[in-house]
Structure formats: structure tokens, C-alpha cells
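Visitor: Input: one structure, supplied below.
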Amino acid sequence: MCGIVGYIGPRESAGVLLDGLKRLEYRGYDSSGIAVLKDGRVELRRSVGKLERLAQEVLKKPVEGNCGIGHTRWATHGRPTEQNAHPHLEGGVAVVHNGIIENYLSLKEELLKEGASFKSETDTEILSHLICREIKKGKSLEDAVRAALKHIKGTYAMAAISENEPDKIVGARMECPLILGVGKHEAILSSDIPAILDITRHAVFLKDGEMVTITKEGAIVTDFDGAVVKRPPAFIDWTPLMAEKGGYRHFMLKEINEQPRAIADTFRGLVVEETGEIFLNKFNIPLKEIERVYIVACGTSWHAGLVGKFFFEEFFKIPVEVDLASEFRYRNPLVTKKTLVISISQSGETADTLAAIREVKRRGAYTIAVCNVMESSLTREADWSFMTHAGPEIGVASTKAFTTQLIALYLLALYFGRTTGAIAAEACVGLIQELVKIPKKVEKVLDQAALIESLAKRYFHFRDFIYLGRGVNYPIALEGALKLKEISYIHAEGYAAGEMKHGPIALIDEDMPVVILAPRDLSYPKMLGNIEEVKARGGRIIAVVNEGDIEASQRADDVITVPEAPAFLMPLLMAIPLQILAYHIAVLKGTDVDQPRNLAKSVTVE
Ligand code: AGP
């Protein structure tokens with residue numbers, strides 16, 4: 001997820017662009033840049049690292065002009081370097097882009113054959129070449145953008161300027177947000193509301209398949225065929241901070257609601273529904289020689305690893321051990337040159353996880369990182385990385401990073417299984433087709449937010465909770481308990497439901513709510529038994545069940561439903577209501593939801 005801005009008007013555009021990018025820094029902050037048009041020339045200023053570095057660069061080398069575009073980056077294709085920073089400039093055309101161009105490699109090959117040369121590793125640079133090619137055929141900037149986008153498969157919010165047409169910005173939107181701020185004799189384009197509020201509170205929210213052409217005379221919105229779209233601006237009455245959170249009260253709630261997009265972005269461009277093919281970067285690991293897999297992580301990422309074990313043993317047919325990084329590194333694990341170690345980390349900076357990977361590399365193992373932050377320490381330590389595309393996760397409690405980690409592990413396991421023949425290619429078709437349905441199913445779970453919020457009102461005063469799950473959902477019981485305890489400070493334990501008789505059932509009484517995960521899978525009859533056990537001892541039950549469930553729902557005190565899905569994808573759906581429940585209980589408790597006490601977003605100490 002990145003942030004883009006564009007400005008035309010009487011003000012110096014550099015200052016407006018920098019202020020706008022500052023307001024969008026939560027969308028990505030590993031590199032940034034601006035391009036400003038002055039006397040028919042585009043001046044670029046770009047820098048790696050926080051936006052402050054770019055501001056210093058502009059201070060050192062000022063750039064004048066009233067028309068410009070800017071970008072703050074969350075790297076998805078190409079490392080965070082100055083060369084990969086946006087805007088990308090080709091033949092006098094500067095482009096900024098948020099999104100993923102799925103077919104950029106084939107387009108790049110086509111352009112290389114035409115003699116194009118590329119300066120970056122990014123997918124976005126394609127756009128500047130395609131637009132430039134169209135302008136050379138005599139098209140206006142807007143027609144050139146329109147023609148260029150017809151070649152693009154993927155998602156984008158983009159903006160472009162050209163030396164051929166000073167004082168004009170053209171923007172377009174497909175699945176990534178793009179907002180036009182309409183001021184008096186000035187206009188601003190942005191990925192999100194915060195960046196426009198200093199200029200105007202009147203905004204037009206572009207829809208998929210719409211473009212906008214901005215000049216000093218004003219702005220025209222059209223569809224991709226050029227038909228004018230008339231939509232009056234809306235008035236935005238948010239404060240800038242409210243706007244950074246997209247109108248949500250906390251980053252955590254915003255990130256919970258970003259999960260459909262984050263999940264879709266993580267598998268986008270990697271799978272072919274019709275054939276079940278999975279395109280991952282070539283790990284030159286002799287997969288057929290691998291005898292053991294370790295999955296190593298901390299906290300929520302460790303819970304993802306526990307789910308991942310099911311995927312790898314089912315699809316890749318190799319024994320998997322999941323370890324807490326802080327335990328793994330001190331227990332002298334059996335590691336050989338035929339061991340594969342998969343580390344999972346949202347931040348890529350967790351000290352214990354980094355130490356574990358360094359140790360196994362020393363012992364000759366192959367290493368893969370599942371990570372959300374490009375160029376983080378873990379991605380540099382591991383031999384290969386599978387990047388989740390959750391975008392920046394600001395709330396300390398991990399939500400969208402967790403569900404995208406599950407997607408990454410699912411795809412890795414399927415890819416390994418299919419590559420080694422451990423799973424038949426035709427079996428992958430159905431598995432991929434079910435995966436692609438998940439974002440919509442997550443949206444259906446998110447639609448239950450109001451019901452879950454009402455549940456929180458009935459339960460937030462309790463002091464202890466137990467979460468029960470079985471099989472692939474046992475890790476989700478652990479995750480749900482962690483979510484609750486880390487943001488509401490209420491004691492909560494996740495337990496394998498089959499363990500109840502071996503101790504925890506002694507805890508059950510009317511003061512101990514029990515959250516029971518009871519999807520309609522092989523363990524469903526056993527979960528009904530757990531529900532009876534708890535009820536017989538006066539416990540209160542919140543059951544998370546599939547839509548249409550009867551038996552569990554009749555017995556529970558409260559019920560949350562999730563859509564049906566294959567057993568291995570159910571954890572993705574079961575995790576969401578537990579995130580929302582923890583969030584609303586914490587809000588009712590009055591804790592600092594985004595920065596809970598004693599915690600940090602990245603535990604860089606052991
Ligand atoms: C999860 O909500 C917590 N913030 C914490 O357990 C976190 O998952 C853990 O510290 C690991 O962080 P990482 O994924 O960045 O390595």
C-alpha cells in the first residue's frame with residue numbers, strides 16, 4: 001500500500017506535496033519522491049527512508065513549480081532504493097502509482113524488445129514507458145494514459161505529468177483509492193483524505209475505471225472511454241488524524257477491515273484459478289531432498305506457523321515442527337543441509353526470530369522468510385522471502401498481517417507440494433479456487449461487526465476467558481486469546497478443546513466465559529461435547545459457527561456465524577470475529593488499543 005499525491009494551483013507544489021505525503025506516511029514509508037513541472041521540464045527529488053529525508057533533499061535542492069506529483073512507498077516489487085522510489089521518469093513523463101501490475105514482466109519484455117531501457121526493479125516504471133510511447137504517437141496526456149492502461153492487468157491508483165503538457169495532471173483508479181480535492185483555482189489528487197484537508201474539504205471519490213484530468217482551469221472526471229462523469233464533491237468533516245485512520249477510531253479497527261484487500265493483494269498475480277498454477281519466485285531448494293521443515297516465529301506469527309504445519313504436512317507431505325523462536329534457538333535443534341526453516345514475522349525485526357534464522361543458516365539449512373516489510377533484517381538474512389501485501393500494520397495487535405501470513409503459508413505449501421508431485425496438479429485447481437473466494441467471505445464476517453460489538457458490551461467486565469478450538473482451529477483459539485489479553489489486559493487462555501478434561505474444566509463457572517470455535521468439520525461432534533461440558537458447569541458460551549448451524553447455536557449463550565469454507569481455510573474466517581471481539585472489549589475497557597501498555601509493534605530485544 002503506498003500513498004500518492006498531485007497538485008496544481010497557485011502554491012509552490014513541492015511544499016504541498018511534502019505536506020500531503022506526510023499525511024499519507026502511514027500508508028508506506030520506506031522511500032518517497034516528488035516530480036515538479038517548471039518551464040516545461042520535470043524535476044525529480046527522491047530519497048530512501050522516512051519522508052524527512054526527502055524534505056531535507058528538497059531543502060538542499062529546492063524545486064519550484066505549481067504542478068507536481070508525489071509518492072510515499074511501501075515496497076512490493078523492488079527493494080526500497082532511490083532508483084525504485086517513485087516518481088518514475090521516462091521521456092519527460094513522470095508517474096506515481098499505488099497498487100500491483102500483475103502483467104508487468106510480459107509488458108517489460110515487450111518494451112525491452114522495442115529498445116526500452118529500465119532503471120528500476122519496479123512494476124510501476126512500465127507505466128511511464130507505456131504513456132511515453134503513446135505520447136510519441138501524438139496523443140494528449142489523458143489519451144496516452146487511457147491507451148496505456150488498456151495494457152495493464154492489476155490494481156492501481158496512478159497520476160502522471162508530462163513535459164509536453166505543463167500544468168496538467170492525469171490520474172486514474174482501478175481498485176486502489178484515488179480522491180480529487182476541489183479547491184478555489186487549485187486541485188489536489190490523493191490516495192486518501194488526510195492529504196487534501198489543508199487545501200480543501202470538498203472531495204470527489206473516483207470509482208474503479210475512472211480518470212481525472214486536472215489543469216489550472218479545473219478538473220474533469222471521465223470513464224476510461226472518455227465519457228464525462230458528473231459527480232458533485234462531498235464535504236469531508238474529518239480532522240486530519242481521524243482521516244489517517246480512514247475514519248476508523250483506531251488503526252487496529254482500520255486494519256481489521258483492510259483484510260479483504262490485504263488477503264487479495266497477497267495472492268494477486270500469483271495464482272491461476274483455471275489451472276491451479278502458483279507462480280512464486282524460484283526457490284532453488286532441492287525440495288525432493290528436504291527431510292524436515294521447521295517453522296519458527298513469535299506471538300501471533302507463531303500461531304500462523306501452527307496453522308501452516310497443517311498445510312505443509314497435507315500438501316508437501318514432509319514432517320513439520322513449529323517452534324517459538326525464543327525456545328528454538330536454545331534447544332540445539334536437529335538441523336542438517338536437508339532442513340528447511342521457514343520464519344514468519346510481520347516486522348522482520350523480531351530479535352528471537354532473527355537469531356534463530358542466523359543459527360540455522362550457520363548449520364547449513366535452507367531458509368525462507370514470510371514477512372510484511374520489504375528489506376527488513378529478516379528478509380536480508382533468509383535465503384528467500386515470501387512478502388505478504390498487508391501494507392503497513394500500525395496497530396500493535398497484529399490482524400491483517402496474521403491472515404496474510406496464512407495465505408502465504410498456504411501458497412508456499414501448495415507450491416512445494418505441486419512442484420514435488422506430493423499433490424496432484426488437478427487437486428490444486430479446487431484449492432486455489434476456494435482460496436480466491438476468501439476475501440468476499442471475510443467481508444461477510446466483517447458485516448457481523450455490530451453484533452460482535454453488542455456481545456462485547458455483555459462480556460467486557462469478565463476477568464478471565466477461555467478460548468477452545470481443535471485441529472487447524474486450535475491455533476486460532478490461541479490467537480483469539482492473545483488478541484484479547486494484549487489489548488484489553490483481561491486474562492485469556494487458548495486451549496485445545498480436547499484438553500478440557502485434563503485440567504482447565506476445573507476453571508469453568510459462570511464467571512468464566514468460553515469462546516468455542518465450532519465450524520462444521522470433522523471435530524464438530526466433539527466441539528458439541530465441549531459445549532455440553534461447559535454448560536453443565538454453568539459456563540457461558542460464545543460459539544463461533546458456520547452459517548446455518550443449529551446444534552451448537554441452540555446450546556450456546558451467544559453465537560457468531562462465519563461462511564462455510566474448506567477446513568484449511570476456516571482459520572482465516574474464524575480469526576476475524578475474535579479480532580473484532582477483542583477490539584470492542586478493549587475499547588469498552590478504555591485501554592490504548594493501538595499502543596497497549598508494555599508492548600511494542602516490533603520486539604527487537606530478546
Ligand atoms: C501480535 O498481536 C503481537 N503484537 C505479537 O505477538 C507479535 O505477533 C510478535 O511480537 C511477533 O512480531 P513479528 O511478527 O513482527 O515477528
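Each chain of the C-alpha cells is named A, B, ... in the order shown, its residues numbered from 1; ligands are numbered from 1 in display order.
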Using only C-alpha atoms and all ligand atoms, what does the table of chain A residues within 9 Å of ligand 1 look like, with each row giving the shortest atom pair and its distance in Å to one decimal, sorted by chain and ascending number, as CSV?
Guide:
```
residue,atom,partner,partner_atom_place_in_ligand_line,distance
A:Ala297,CA,ligand 1,16 (O),6.4
A:Cys298,CA,ligand 1,11 (C),4.6
A:Gly299,CA,ligand 1,6 (O),3.2
A:Thr300,CA,ligand 1,8 (O),3.7
A:Ser301,CA,ligand 1,14 (O),4.8
A:Trp302,CA,ligand 1,8 (O),7.4
A:His303,CA,ligand 1,8 (O),8.4
A:Ser343,CA,ligand 1,16 (O),8.8
A:Ile344,CA,ligand 1,14 (O),6.4
A:Ser345,CA,ligand 1,14 (O),3.4
A:Gln346,CA,ligand 1,14 (O),3.7
A:Ser347,CA,ligand 1,15 (O),3.6
A:Gly348,CA,ligand 1,15 (O),5.7
A:Glu349,CA,ligand 1,15 (O),6.3
A:Thr350,CA,ligand 1,16 (O),4.6
A:Ala351,CA,ligand 1,16 (O),8.1
A:Asp352,CA,ligand 1,16 (O),8.5
A:Thr353,CA,ligand 1,16 (O),6.7
A:Leu354,CA,ligand 1,16 (O),8.8
A:Cys371,CA,ligand 1,14 (O),7.7
A:Asn372,CA,ligand 1,15 (O),8.4
A:Gly395,CA,ligand 1,4 (N),8.1
A:Val396,CA,ligand 1,4 (N),4.9
A:Ala397,CA,ligand 1,2 (O),3.5
A:Ser398,CA,ligand 1,2 (O),3.8
A:Thr399,CA,ligand 1,2 (O),6.8
A:Ala401,CA,ligand 1,14 (O),7.8
A:Phe402,CA,ligand 1,8 (O),8.0
A:Glu479,CA,ligand 1,2 (O),8.1
A:Leu482,CA,ligand 1,2 (O),6.9
A:Lys483,CA,ligand 1,2 (O),6.0
A:Glu486,CA,ligand 1,2 (O),7.2
A:Ile487,CA,ligand 1,2 (O),8.7
A:Leu599,CA,ligand 1,4 (N),7.5
A:Ala600,CA,ligand 1,4 (N),7.1
A:Lys601,CA,ligand 1,4 (N),5.7
A:Ser602,CA,ligand 1,15 (O),5.2
A:Val603,CA,ligand 1,10 (O),5.5
A:Thr604,CA,ligand 1,10 (O),8.8
```
Visitor: Report as a list in words all protein, DNA and RNA residues lying within 9 Å of stretch 108-113 of chain A, evaluated on only C-alpha atoms, omitting residues in the same chain fewer than 3 positions from it.
Guide: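 Counting only C-alpha atoms, the residues come to Asn103, Tyr104, Leu105, Ala116, Ser117, Phe118, Asp123, Ile126, His129 and Leu130 of chain A.
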Visitor: Running DSSP on the backbone, which parts of stretch 376-597 of chain A land in strand (DSSP E or B), as JSON, numbers by chain?
Guide: {"A": [384, 385, 386, 387, 464, 465, 466, 467, 468, 469, 491, 492, 493, 494, 495, 496, 514, 515, 516, 517, 518, 541, 542, 543, 544, 545, 546, 558, 559, 560, 561, 562]}
Visitor: Could you list, as a ChimeraX atom specification, every residue within 10 Å of stretch 469-476 of chain A, counting only C-alpha atoms and ignoring same-chain residues fewer than 5 positions away?
Guide: /A:300,302-311,481-482,494-499,515-519,521-524,526-527,530,567-576,578
Visitor: For the selection just defined, write its residues with N, CA and C atoms to a file, as a short mmCIF file (atom, residue, chain, number, x, y, z; two decimals), in the first residue's frame.
Guide:
```
data_model
loop_
_atom_site.label_atom_id
_atom_site.label_comp_id
_atom_site.auth_asym_id
_atom_site.auth_seq_id
_atom_site.Cartn_x
_atom_site.Cartn_y
_atom_site.Cartn_z
N THR A 300 1.82 -13.85 17.51
CA THR A 300 0.79 -14.12 16.50
C THR A 300 1.39 -14.84 15.31
N TRP A 302 3.72 -16.97 15.37
CA TRP A 302 3.87 -18.38 15.76
C TRP A 302 2.53 -19.08 15.60
N HIS A 303 1.45 -18.41 15.92
CA HIS A 303 0.12 -19.01 15.72
C HIS A 303 -0.10 -19.30 14.23
N ALA A 304 0.35 -18.39 13.40
CA ALA A 304 0.23 -18.63 11.94
C ALA A 304 1.04 -19.87 11.57
N GLY A 305 2.20 -20.01 12.19
CA GLY A 305 3.02 -21.19 11.92
C GLY A 305 2.35 -22.49 12.32
N LEU A 306 1.62 -22.46 13.44
CA LEU A 306 0.91 -23.66 13.89
C LEU A 306 -0.15 -24.07 12.87
N VAL A 307 -0.79 -23.09 12.25
CA VAL A 307 -1.76 -23.41 11.18
C VAL A 307 -0.99 -23.91 9.95
N GLY A 308 0.13 -23.25 9.66
CA GLY A 308 0.92 -23.62 8.49
C GLY A 308 1.38 -25.06 8.52
N LYS A 309 1.60 -25.59 9.72
CA LYS A 309 2.03 -27.01 9.85
C LYS A 309 1.04 -27.91 9.14
N PHE A 310 -0.25 -27.66 9.32
CA PHE A 310 -1.28 -28.48 8.68
C PHE A 310 -1.14 -28.39 7.15
N PHE A 311 -0.89 -27.18 6.67
CA PHE A 311 -0.79 -27.02 5.22
C PHE A 311 0.38 -27.84 4.69
N ALA A 481 -7.20 -15.61 22.10
CA ALA A 481 -6.87 -15.29 23.50
C ALA A 481 -5.78 -14.23 23.56
N LEU A 482 -4.80 -14.35 22.66
CA LEU A 482 -3.71 -13.36 22.65
C LEU A 482 -4.25 -11.97 22.30
N GLY A 494 -5.92 -19.73 25.49
CA GLY A 494 -6.37 -20.57 24.38
C GLY A 494 -6.02 -22.00 24.71
N TYR A 495 -6.95 -22.92 24.43
CA TYR A 495 -6.69 -24.32 24.78
C TYR A 495 -7.18 -25.24 23.68
N ALA A 496 -6.50 -26.36 23.52
CA ALA A 496 -7.03 -27.43 22.67
C ALA A 496 -8.25 -27.97 23.38
N ALA A 497 -9.39 -27.96 22.69
CA ALA A 497 -10.66 -28.33 23.36
C ALA A 497 -10.58 -29.72 23.98
N GLY A 498 -9.83 -30.60 23.35
CA GLY A 498 -9.72 -31.97 23.89
C GLY A 498 -9.00 -32.02 25.22
N GLU A 499 -8.38 -30.92 25.60
CA GLU A 499 -7.63 -30.89 26.85
C GLU A 499 -8.50 -30.50 28.05
N VAL A 515 -15.08 -19.06 24.77
CA VAL A 515 -15.29 -18.84 23.33
C VAL A 515 -14.95 -20.15 22.64
N ILE A 516 -15.92 -20.73 21.95
CA ILE A 516 -15.73 -22.06 21.35
C ILE A 516 -15.82 -21.96 19.83
N LEU A 517 -14.76 -22.42 19.17
CA LEU A 517 -14.72 -22.39 17.70
C LEU A 517 -15.26 -23.72 17.20
N ALA A 518 -16.44 -23.70 16.60
CA ALA A 518 -17.11 -24.97 16.23
C ALA A 518 -17.57 -24.94 14.79
N PRO A 519 -16.60 -24.89 13.83
CA PRO A 519 -17.01 -24.98 12.42
C PRO A 519 -17.50 -26.39 12.13
N ASP A 521 -16.74 -29.16 10.83
CA ASP A 521 -15.69 -30.02 10.27
C ASP A 521 -15.69 -31.33 11.06
N LEU A 522 -14.67 -32.14 10.86
CA LEU A 522 -14.67 -33.48 11.48
C LEU A 522 -14.77 -33.40 13.00
N SER A 523 -14.30 -32.30 13.58
CA SER A 523 -14.28 -32.24 15.06
C SER A 523 -15.59 -31.67 15.62
N TYR A 524 -16.53 -31.34 14.74
CA TYR A 524 -17.77 -30.68 15.20
C TYR A 524 -18.49 -31.47 16.31
N LYS A 526 -17.31 -33.39 18.51
CA LYS A 526 -16.51 -33.27 19.74
C LYS A 526 -16.70 -31.86 20.34
N MET A 527 -16.80 -30.86 19.48
CA MET A 527 -17.00 -29.50 19.99
C MET A 527 -18.37 -29.39 20.65
N ASN A 530 -17.88 -30.51 24.02
CA ASN A 530 -17.25 -29.48 24.87
C ASN A 530 -18.29 -28.46 25.33
N ALA A 567 -11.94 -26.84 5.30
CA ALA A 567 -11.37 -26.87 6.66
C ALA A 567 -10.10 -26.05 6.79
N PHE A 568 -9.22 -26.17 5.78
CA PHE A 568 -7.92 -25.49 5.92
C PHE A 568 -8.01 -23.98 5.78
N LEU A 569 -9.12 -23.50 5.22
CA LEU A 569 -9.27 -22.04 5.06
C LEU A 569 -10.13 -21.46 6.18
N MET A 570 -10.71 -22.33 7.01
CA MET A 570 -11.57 -21.85 8.08
C MET A 570 -10.83 -20.98 9.10
N PRO A 571 -9.54 -21.27 9.40
CA PRO A 571 -8.85 -20.39 10.35
C PRO A 571 -8.87 -18.91 9.94
N LEU A 572 -8.80 -18.66 8.63
CA LEU A 572 -8.81 -17.26 8.16
C LEU A 572 -10.11 -16.59 8.57
N LEU A 573 -11.21 -17.34 8.50
CA LEU A 573 -12.52 -16.75 8.81
C LEU A 573 -12.77 -16.73 10.31
N MET A 574 -12.30 -17.75 11.01
CA MET A 574 -12.53 -17.84 12.46
C MET A 574 -11.75 -16.75 13.21
N ALA A 575 -10.63 -16.33 12.66
CA ALA A 575 -9.79 -15.34 13.38
C ALA A 575 -10.46 -13.97 13.43
N ILE A 576 -11.23 -13.66 12.39
CA ILE A 576 -11.76 -12.29 12.26
C ILE A 576 -12.71 -11.90 13.41
N LEU A 578 -12.81 -12.97 16.33
CA LEU A 578 -12.06 -12.87 17.60
C LEU A 578 -11.27 -11.57 17.66
#
```
Visitor: Counting only C-alpha atoms, give me one row per residue of stretch 329-389 of chain A with an atom at most 12 Å from an atom of stretch 413-418 of chain A, showing the shortest contact pair and its distance in Å to one decimal, sorted by chain then residue number, as a tab-separated table.
Guide:
```
residue	atom	partner	partner_atom	distance
A:Leu340	CA	A:Phe416	CA	11.6
A:Ile342	CA	A:Ala413	CA	11.0
A:Phe386	CA	A:Ala413	CA	11.9
```
Visitor: May I have the selected residues written with N, CA, C and O atoms, as a CSV table (one decimal), in the first residue's frame?
Guide:
```
chain,number,residue,atom,x,y,z
A,340,LEU,N,14.6,-27.4,6.0
A,340,LEU,CA,14.1,-26.1,5.5
A,340,LEU,C,13.5,-25.4,6.7
A,340,LEU,O,12.7,-26.0,7.4
A,342,ILE,N,11.4,-22.2,7.9
A,342,ILE,CA,10.5,-21.0,7.5
A,342,ILE,C,10.3,-20.1,8.7
A,342,ILE,O,9.8,-20.6,9.7
A,386,PHE,N,8.9,-14.6,1.1
A,386,PHE,CA,7.6,-14.5,0.5
A,386,PHE,C,7.0,-13.3,1.2
A,386,PHE,O,6.7,-13.3,2.4
```
